[in-house]
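Here is the structure we will look at, set down as structure tokens.
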Amino acid sequence: MENNVIVSLDGVSVAFDGEEVLSDFSLDIHDEEFVTLLGPSGCGKTTTLRVIGGFLIPNSGRVFFNGKDITDMPPHKREVNTVFQRYALFPHLNVFENIAFGLRLKKVPDPEIKIQVSKMLDLVGLQGFEGRKVTSMSGGQQQRVAIARALVNRPRILLLDEPLGALDLKLRKEMQIELKRIQQSLNITFIYVTHDQEEALTMSDTIVVMNNGVIHQIGSPVDIYNEPKNAFVAEFIGESNILPGIMVKDFLVSAAGIEFTCVDSGFKLKEQVDIVIRPEDIKLVEPAKGQISGIVKSVVFKGVHYEMVVEQAGYEWLVHSTSFEHEGTQVGMRIGPNEIHIMTHTERVEVYD
Amino acid sequence: MTKVKNGSKIYIASALTFLYVPILVLIFFSFNKSKSRNLFTGFTLNWYKQLLHNDLVLNALGVTLVIAAISSICATVLGTAAAVGIQSMKKLPRLAIMNVTYIPVINPEIVTGVSMLLMFTTLRYFLNFEMGFSTLVIAHITFNLPYVILSVNPKLRQLDSSIYDAALDLGCSPRQAFFKVVFPQIMPGITTGFLMALTYSIDDFVISYFTSGTSQTLSIAIYAMTRRKVSPEINALSTLLFTVILLILLVMNLKDIKSNKKGERK
Amino acid sequence: MIKTRIVSLPYLVWMAIFIVAPLVMVCFYAFTTPDGALTFDNLSGLGRYMPVFTRSIWLAAIATVICLVLAFPLAFIISRMSESKQSMMLLFLLLPMWMNFLLRTYAWMSLLENNGLINRLLGLVHLGPFQMINTQGAVVLGMVYNYLPFMILPLYSVMTKIDNSIIEAAEDLGAGRLGVISRVLVPLSMPGITTGIIMVFVPSISTFIISRMLGGGDTLLVGDLIEMQFLGNAYNPHLGSAMALVLMVLVLLFMSLTGTSSDEEMEDMLI
């Protein structure tokens, strides 16, 4: 599904009070895709969204929409609509008038507005709520009104700024599926901002991992999870064990005092690398049968699995396992070649949320 | 516990007595036949009749209402625009301007009155005008402005800035966004400011006293009457004013109670 | 955004002409003679009026303290009532304030007179008559009566935000009634207390109506002096400006002593 590029940022830099939030940021977003900008708070993801929405004019760089330069175009002239972080519904208008707001500005005739609004209410599952005051609605309902209000204008792109942040866990999961469904039924581009990696993995076609105003990796959820490009991405997306290692030769890496066969090649001999191993990819076996063995330091029950810390030669391995081991037990660990991801060594980046 | 409650009741009752007795006495003697302010000799409505034929008082009432209306409307428009503009300024100029805005609120009224008197007498060297209606209007606008700004400001601060963004996003020009979205949100503040300006203007004596020249507002007429200390007309006037205020407040509160009930039903 | 700032321009011009410039003129007059020559005589000549200044400060201070003592329990009692009762009580307490200030003061005139209602009632039980009108006491009473609501309102608005559980927690931790008041209520009400003090003290120290109507000729206050320099027989706007300047400085000094008020506090005490 290789679609046309619909939005493209070219060398965009934004600074607030001399502090650079986006630096030389370039990104192409394809039509009809669900793209997620993922990163810790302060990474510049909301700023990127505001640049696309037209609320911020970048200090340098250009923004293109369908190949046309829209860098200086004010927000009300863009074919882009936004779902704001805390919904930003108009408290003085009821549900119907909130959704009709954009259409009224375009002087759409009344009967047409009625049809459009009720279509939107259908889409977000709020039939019959037309006359309600928005201030008397629950967070989830307000959320749906905000989405309907934006979508009724038939934008080419919908920008969503952490729209689920204020909802509780269960509602959030429901809305994730709902949003994906809406996006697929309308065939428009969604650009979604979140710091929640699970949310990003669930909904996106493409994830853009950002930190400190630069892009660390762009890829599908599966790529990003399985093949993180660097320690920051690995650590930000899911839990992982990251160990320093040295390439002995192609397909052989040494880490934690042991040599592992792997599937990576093309590194220099004796090159310093980072090794990423996901905790669920480590199999616990009898001590003698493992490649390495260690002592269980702690066990926490997590519902589906046990989360254990296993100490071995000064390293603390994070292991997810469905079988239970007592603290202090000696266990062996097996790691298949496919489960070892090798990345060029980077400075450790502080991950915060 | 009950002891405390009874104590509270007695305390509040005595406070209310202290506040109301003088006014009730004043009202009571408005119906007194003789001119005595403390010996009731019989019931009459004569003083009300006299009052309603007192051109001086009626004129003053007219002047007061007209000045209150003009000055509070002007102050509301100027002040709302000012609040919106000030809100979008950087911190330092904003603080500086707000400090100047507070001056008429903080300064003793007599200082404000005297300073404006000096200003007007100086301006009269250059411009040809009489101290009177026009200077009163200017003075009233001036001391009303801060109240409008101070009641609009909190509404502007509470305003979710993304609501303005949302309006732009949905196709409003900045001007449309202000009138369609921001304005309705700060409307309660504007109304409060307007009502405050109106009451302060009607009630003002000190500043009017220094800037009125040849005009007489109701407060100034009352002042003149109290200096003469003779006619119970002044009691009649008090009674009428008190009744009007009572009625206005009652109506406003009934409305409140009604809208509260409506809200509960929803 | 640049456009938005412009809309405050008319206001800024207005304030410059009718607030800032007049105050500059007060300073200018205070330091000049009628011929326009620079002089310090106006200010140094104020020494003669020292007794009036000290009396004004003294009476305003007494009135402020009385208001605080009266209003504190009142505000607290109201703040503990049910919500609907609170607004009704507040309305009752503030209603007299809506009455014209001069008429309220006039009411006390007829009560306090030598053959006024109070003396008459006292006469029935063979007391008095007492000299009440034209005393400093009457002036303080007038101030308290007129400005008490200014103390109640800010106190009430901070106290209504104090949760009952905070008071209960203090009791739970061993505070008696005095302990609750001194360790919890007063500190938490501090913003309201300072606002109330300012709102009572400033109009009290600068009044000229209350002293004129209830104080007779002997209890001259600063306000009376200033008024006489501008509209009275003593006509001398230069001396009057010097007095106004000193009064302004006194008020500013007093306000800086009670602590600066922030934007929010200013709005609180108004609405």
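Labels used: A, B, ... for chains in the order of the structure tokens, numbers from 1 for residues in each chain, and numbers from 1 for ligands as shown.
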
Under the rule of at most 7 Å, produce a per-residue listing of chain B near chain A: chain, number, name, the closest pair of atoms, and the distance in Å, as JSON lines, using only C-alpha atoms.
{"residue": "B:Ser162", "atom": "CA", "partner": "A:Ala88", "partner_atom": "CA", "distance": 5.6}
{"residue": "B:Ile163", "atom": "CA", "partner": "A:Ala88", "partner_atom": "CA", "distance": 4.7}
{"residue": "B:Ala166", "atom": "CA", "partner": "A:Ala88", "partner_atom": "CA", "distance": 6.5}
{"residue": "B:Leu168", "atom": "CA", "partner": "A:His76", "partner_atom": "CA", "distance": 4.9}
{"residue": "B:Asp169", "atom": "CA", "partner": "A:His76", "partner_atom": "CA", "distance": 5.2}
{"residue": "B:Leu170", "atom": "CA", "partner": "A:Gly102", "partner_atom": "CA", "distance": 4.9}
{"residue": "B:Gly171", "atom": "CA", "partner": "A:His76", "partner_atom": "CA", "distance": 3.9}
{"residue": "B:Cys172", "atom": "CA", "partner": "A:His76", "partner_atom": "CA", "distance": 5.6}
{"residue": "B:Ser173", "atom": "CA", "partner": "A:His76", "partner_atom": "CA", "distance": 6.3}
{"residue": "B:Val181", "atom": "CA", "partner": "A:Phe90", "partner_atom": "CA", "distance": 6.9}
{"residue": "B:Pro184", "atom": "CA", "partner": "A:His92", "partner_atom": "CA", "distance": 6.8}
{"residue": "B:Gln185", "atom": "CA", "partner": "A:His92", "partner_atom": "CA", "distance": 7.0}

Task: Non-local contacts of segment 212-219 of chain B (7 Å; only C-alpha atoms; under 3 positions in same chain excluded) as a VMD selection string - done: chain B and resid 57 60 to 61 63 to 64 131 to 133 135 to 136 204 to 205 208 to 209 222 to 223

Residues from the last selection, N, CA and C atoms, saved as a short mmCIF file (atom, residue, chain, number, x, y, z; two decimals), in the first residue's frame:
data_model
loop_
_atom_site.label_atom_id
_atom_site.label_comp_id
_atom_site.auth_asym_id
_atom_site.auth_seq_id
_atom_site.Cartn_x
_atom_site.Cartn_y
_atom_site.Cartn_z
N VAL B 57 -34.06 66.76 43.35
CA VAL B 57 -33.77 65.34 43.55
C VAL B 57 -34.04 64.55 42.27
N ALA B 60 -31.38 65.16 39.82
CA ALA B 60 -30.15 64.49 40.22
C ALA B 60 -30.23 63.00 39.93
N LEU B 61 -31.41 62.43 40.17
CA LEU B 61 -31.59 61.01 39.89
C LEU B 61 -31.39 60.74 38.40
N VAL B 63 -29.66 62.53 36.25
CA VAL B 63 -28.23 62.69 35.92
C VAL B 63 -27.47 61.43 36.33
N THR B 64 -27.75 60.96 37.54
CA THR B 64 -27.04 59.79 38.03
C THR B 64 -27.23 58.59 37.11
N MET B 131 -16.68 72.30 33.92
CA MET B 131 -16.75 71.13 34.77
C MET B 131 -18.22 70.79 34.96
N GLY B 132 -18.59 69.56 34.72
CA GLY B 132 -19.99 69.20 34.87
C GLY B 132 -20.23 67.81 34.34
N PHE B 133 -21.24 67.67 33.51
CA PHE B 133 -21.64 66.37 33.02
C PHE B 133 -20.48 65.61 32.37
N THR B 135 -17.19 66.00 32.58
CA THR B 135 -16.10 65.58 33.47
C THR B 135 -16.56 64.44 34.38
N LEU B 136 -17.82 64.47 34.77
CA LEU B 136 -18.36 63.38 35.58
C LEU B 136 -18.27 62.05 34.82
N ASP B 204 -21.30 56.22 43.74
CA ASP B 204 -20.13 57.05 44.03
C ASP B 204 -20.50 58.42 44.56
N PHE B 205 -19.78 58.83 45.60
CA PHE B 205 -19.93 60.21 46.04
C PHE B 205 -18.61 60.98 45.93
N SER B 208 -17.20 61.93 42.43
CA SER B 208 -18.16 62.83 41.80
C SER B 208 -18.11 64.21 42.44
N TYR B 209 -17.98 64.22 43.75
CA TYR B 209 -17.96 65.46 44.51
C TYR B 209 -16.88 66.41 44.01
N ILE B 222 -27.98 64.24 47.93
CA ILE B 222 -28.18 63.71 49.29
C ILE B 222 -27.25 64.40 50.26
N TYR B 223 -26.01 64.58 49.83
CA TYR B 223 -25.04 65.24 50.70
C TYR B 223 -25.55 66.63 51.09
#

Please give the complete set of residues from segment 172-203 of chain B that DSSP, run on the backbone, assigns to alpha helix (DSSP H), formatted as a PDB file with N, CA and C atoms, in the first residue's frame.
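This went into selection_1.pdb:
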ATOM      1  N   PRO B 174      -9.152  34.504  12.845  1.00  0.00           N
ATOM      2  CA  PRO B 174      -8.922  34.904  14.239  1.00  0.00           C
ATOM      3  C   PRO B 174     -10.046  35.771  14.797  1.00  0.00           C
ATOM      4  N   ARG B 175     -10.579  36.688  13.982  1.00  0.00           N
ATOM      5  CA  ARG B 175     -11.649  37.562  14.462  1.00  0.00           C
ATOM      6  C   ARG B 175     -12.912  36.750  14.763  1.00  0.00           C
ATOM      7  N   GLN B 176     -13.265  35.842  13.835  1.00  0.00           N
ATOM      8  CA  GLN B 176     -14.436  34.981  14.065  1.00  0.00           C
ATOM      9  C   GLN B 176     -14.240  34.131  15.307  1.00  0.00           C
ATOM     10  N   ALA B 177     -13.015  33.616  15.474  1.00  0.00           N
ATOM     11  CA  ALA B 177     -12.735  32.754  16.623  1.00  0.00           C
ATOM     12  C   ALA B 177     -12.988  33.530  17.901  1.00  0.00           C
ATOM     13  N   PHE B 183     -15.542  35.140  23.101  1.00  0.00           N
ATOM     14  CA  PHE B 183     -16.499  36.097  23.645  1.00  0.00           C
ATOM     15  C   PHE B 183     -17.593  35.439  24.499  1.00  0.00           C
ATOM     16  N   PRO B 184     -18.260  34.382  23.971  1.00  0.00           N
ATOM     17  CA  PRO B 184     -19.275  33.745  24.823  1.00  0.00           C
ATOM     18  C   PRO B 184     -18.698  33.203  26.127  1.00  0.00           C
ATOM     19  N   GLN B 185     -17.435  32.780  26.083  1.00  0.00           N
ATOM     20  CA  GLN B 185     -16.827  32.216  27.291  1.00  0.00           C
ATOM     21  C   GLN B 185     -16.568  33.277  28.354  1.00  0.00           C
ATOM     22  N   ILE B 186     -16.187  34.489  27.919  1.00  0.00           N
ATOM     23  CA  ILE B 186     -15.859  35.511  28.920  1.00  0.00           C
ATOM     24  C   ILE B 186     -17.067  36.395  29.226  1.00  0.00           C
ATOM     25  N   MET B 187     -18.198  36.100  28.574  1.00  0.00           N
ATOM     26  CA  MET B 187     -19.407  36.908  28.757  1.00  0.00           C
ATOM     27  C   MET B 187     -19.797  37.071  30.234  1.00  0.00           C
ATOM     28  N   PRO B 188     -19.780  36.004  31.039  1.00  0.00           N
ATOM     29  CA  PRO B 188     -20.154  36.197  32.447  1.00  0.00           C
ATOM     30  C   PRO B 188     -19.274  37.249  33.124  1.00  0.00           C
ATOM     31  N   GLY B 189     -17.984  37.239  32.822  1.00  0.00           N
ATOM     32  CA  GLY B 189     -17.075  38.220  33.395  1.00  0.00           C
ATOM     33  C   GLY B 189     -17.421  39.630  32.932  1.00  0.00           C
ATOM     34  N   ILE B 190     -17.770  39.749  31.666  1.00  0.00           N
ATOM     35  CA  ILE B 190     -18.124  41.065  31.129  1.00  0.00           C
ATOM     36  C   ILE B 190     -19.392  41.580  31.819  1.00  0.00           C
ATOM     37  N   THR B 191     -20.366  40.679  31.984  1.00  0.00           N
ATOM     38  CA  THR B 191     -21.610  41.080  32.655  1.00  0.00           C
ATOM     39  C   THR B 191     -21.331  41.523  34.085  1.00  0.00           C
ATOM     40  N   THR B 192     -20.554  40.719  34.808  1.00  0.00           N
ATOM     41  CA  THR B 192     -20.206  41.098  36.182  1.00  0.00           C
ATOM     42  C   THR B 192     -19.561  42.467  36.188  1.00  0.00           C
ATOM     43  N   GLY B 193     -18.610  42.666  35.306  1.00  0.00           N
ATOM     44  CA  GLY B 193     -17.903  43.943  35.242  1.00  0.00           C
ATOM     45  C   GLY B 193     -18.865  45.084  34.976  1.00  0.00           C
ATOM     46  N   PHE B 194     -19.782  44.865  34.050  1.00  0.00           N
ATOM     47  CA  PHE B 194     -20.746  45.908  33.707  1.00  0.00           C
ATOM     48  C   PHE B 194     -21.619  46.249  34.915  1.00  0.00           C
ATOM     49  N   LEU B 195     -22.119  45.210  35.585  1.00  0.00           N
ATOM     50  CA  LEU B 195     -22.990  45.453  36.735  1.00  0.00           C
ATOM     51  C   LEU B 195     -22.228  46.149  37.858  1.00  0.00           C
ATOM     52  N   MET B 196     -20.975  45.733  38.062  1.00  0.00           N
ATOM     53  CA  MET B 196     -20.178  46.387  39.094  1.00  0.00           C
ATOM     54  C   MET B 196     -19.988  47.851  38.752  1.00  0.00           C
ATOM     55  N   ALA B 197     -19.659  48.118  37.484  1.00  0.00           N
ATOM     56  CA  ALA B 197     -19.450  49.498  37.055  1.00  0.00           C
ATOM     57  C   ALA B 197     -20.718  50.305  37.294  1.00  0.00           C
ATOM     58  N   LEU B 198     -21.855  49.701  36.943  1.00  0.00           N
ATOM     59  CA  LEU B 198     -23.126  50.393  37.103  1.00  0.00           C
ATOM     60  C   LEU B 198     -23.372  50.766  38.573  1.00  0.00           C
ATOM     61  N   THR B 199     -23.185  49.777  39.472  1.00  0.00           N
ATOM     62  CA  THR B 199     -23.460  50.069  40.882  1.00  0.00           C
ATOM     63  C   THR B 199     -22.442  51.054  41.449  1.00  0.00           C
ATOM     64  N   TYR B 200     -21.170  50.851  41.124  1.00  0.00           N
ATOM     65  CA  TYR B 200     -20.176  51.790  41.652  1.00  0.00           C
ATOM     66  C   TYR B 200     -20.471  53.204  41.178  1.00  0.00           C
ATOM     67  N   SER B 201     -20.917  53.302  39.945  1.00  0.00           N
ATOM     68  CA  SER B 201     -21.186  54.622  39.392  1.00  0.00           C
ATOM     69  C   SER B 201     -22.377  55.273  40.092  1.00  0.00           C
ATOM     70  N   ILE B 202     -23.434  54.498  40.294  1.00  0.00           N
ATOM     71  CA  ILE B 202     -24.615  55.061  40.966  1.00  0.00           C
ATOM     72  C   ILE B 202     -24.266  55.453  42.394  1.00  0.00           C
ATOM     73  N   ASP B 203     -23.420  54.640  43.031  1.00  0.00           N
ATOM     74  CA  ASP B 203     -23.139  54.799  44.446  1.00  0.00           C
ATOM     75  C   ASP B 203     -22.093  55.867  44.753  1.00  0.00           C
TER      76      ASP B 203
END

Shell of 10 Å around segment 110-125 of chain C, only C-alpha atoms, local chain residues under 2 positions omitted, as an MDAnalysis selection string: (chainID B and resid 21:22 25:26 36:39 229) or (chainID C and resid 105:108 127:134 138 214)

Keeping C-alpha atoms, export the residues of the selection given above as a PDB file, in the first residue's frame.
ATOM      1  CA  VAL B  21     -31.521  49.014  62.941  1.00  0.00           C
ATOM      2  CA  PRO B  22     -30.241  52.377  61.643  1.00  0.00           C
ATOM      3  CA  VAL B  25     -35.258  53.626  62.023  1.00  0.00           C
ATOM      4  CA  LEU B  26     -34.639  55.825  59.018  1.00  0.00           C
ATOM      5  CA  SER B  36     -38.742  65.248  64.431  1.00  0.00           C
ATOM      6  CA  ARG B  37     -36.222  62.524  63.779  1.00  0.00           C
ATOM      7  CA  ASN B  38     -36.899  60.696  67.008  1.00  0.00           C
ATOM      8  CA  LEU B  39     -40.422  61.361  68.187  1.00  0.00           C
ATOM      9  CA  LYS B 229     -30.568  68.222  58.330  1.00  0.00           C
TER      10      LYS B 229
ATOM     11  CA  THR C 105     -24.149  57.611  57.880  1.00  0.00           C
ATOM     12  CA  TYR C 106     -27.056  59.994  58.140  1.00  0.00           C
ATOM     13  CA  ALA C 107     -29.047  57.246  59.859  1.00  0.00           C
ATOM     14  CA  TRP C 108     -26.496  57.144  62.664  1.00  0.00           C
ATOM     15  CA  LEU C 127     -29.501  56.806  82.191  1.00  0.00           C
ATOM     16  CA  GLY C 128     -27.688  59.542  80.352  1.00  0.00           C
ATOM     17  CA  PRO C 129     -28.075  61.571  78.315  1.00  0.00           C
ATOM     18  CA  PHE C 130     -24.626  60.835  76.948  1.00  0.00           C
ATOM     19  CA  GLN C 131     -22.692  62.925  74.514  1.00  0.00           C
ATOM     20  CA  MET C 132     -22.323  60.501  71.591  1.00  0.00           C
ATOM     21  CA  ILE C 133     -22.447  62.504  68.387  1.00  0.00           C
ATOM     22  CA  ASN C 134     -19.467  64.728  67.614  1.00  0.00           C
ATOM     23  CA  ALA C 138     -18.965  58.219  66.809  1.00  0.00           C
ATOM     24  CA  LEU C 214     -20.569  62.224  62.994  1.00  0.00           C
TER      25      LEU C 214
END

For Gln272 of chain A, list every protein, DNA or RNA residue within 7 Å, evaluated using only C-alpha atoms, and leave out those in the same chain fewer than 5 positions away; present the list as a ChimeraX atom specification. /A:245-247,345

Q. Using only C-alpha atoms, which residues sit within 10 Å of Ile258 of chain A once same-chain residues fewer than 5 positions away are excluded, as a list of chain:residue names?
A. A:Gly245, A:Val253, A:Gln291, A:Ile292

Would you save the residues from that selection as a PDB file, in the first residue's frame, using C-alpha atoms?
ATOM      1  CA  GLY A 245      28.868  -6.601  23.345  1.00  0.00           C
ATOM      2  CA  VAL A 253      28.758 -11.880  19.166  1.00  0.00           C
ATOM      3  CA  GLN A 291      23.764 -21.212  27.437  1.00  0.00           C
ATOM      4  CA  ILE A 292      24.153 -19.257  30.626  1.00  0.00           C
TER       5      ILE A 292
END

What separation in Å, quoted to one decimal, exists between atom CA of Leu150 of chain B and atom CA of Tyr147 of chain C?
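Separation between atom CA of Leu150 of chain B and atom CA of Tyr147 of chain C: 21.3 Å.
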
Item to complete: For chain B, work out the contacting residues on chain C at 8 Å, counting only C-alpha atoms, and write them as a ChimeraX atom specification.
Response: /C:1,4-12,14-15,18-23,25-26,74,77,92-93,95-96,98-104,106-108,110-111,115-117,145,202-203,206-207,223,230-231,241,244-245,248,251,264,266-267,270-271
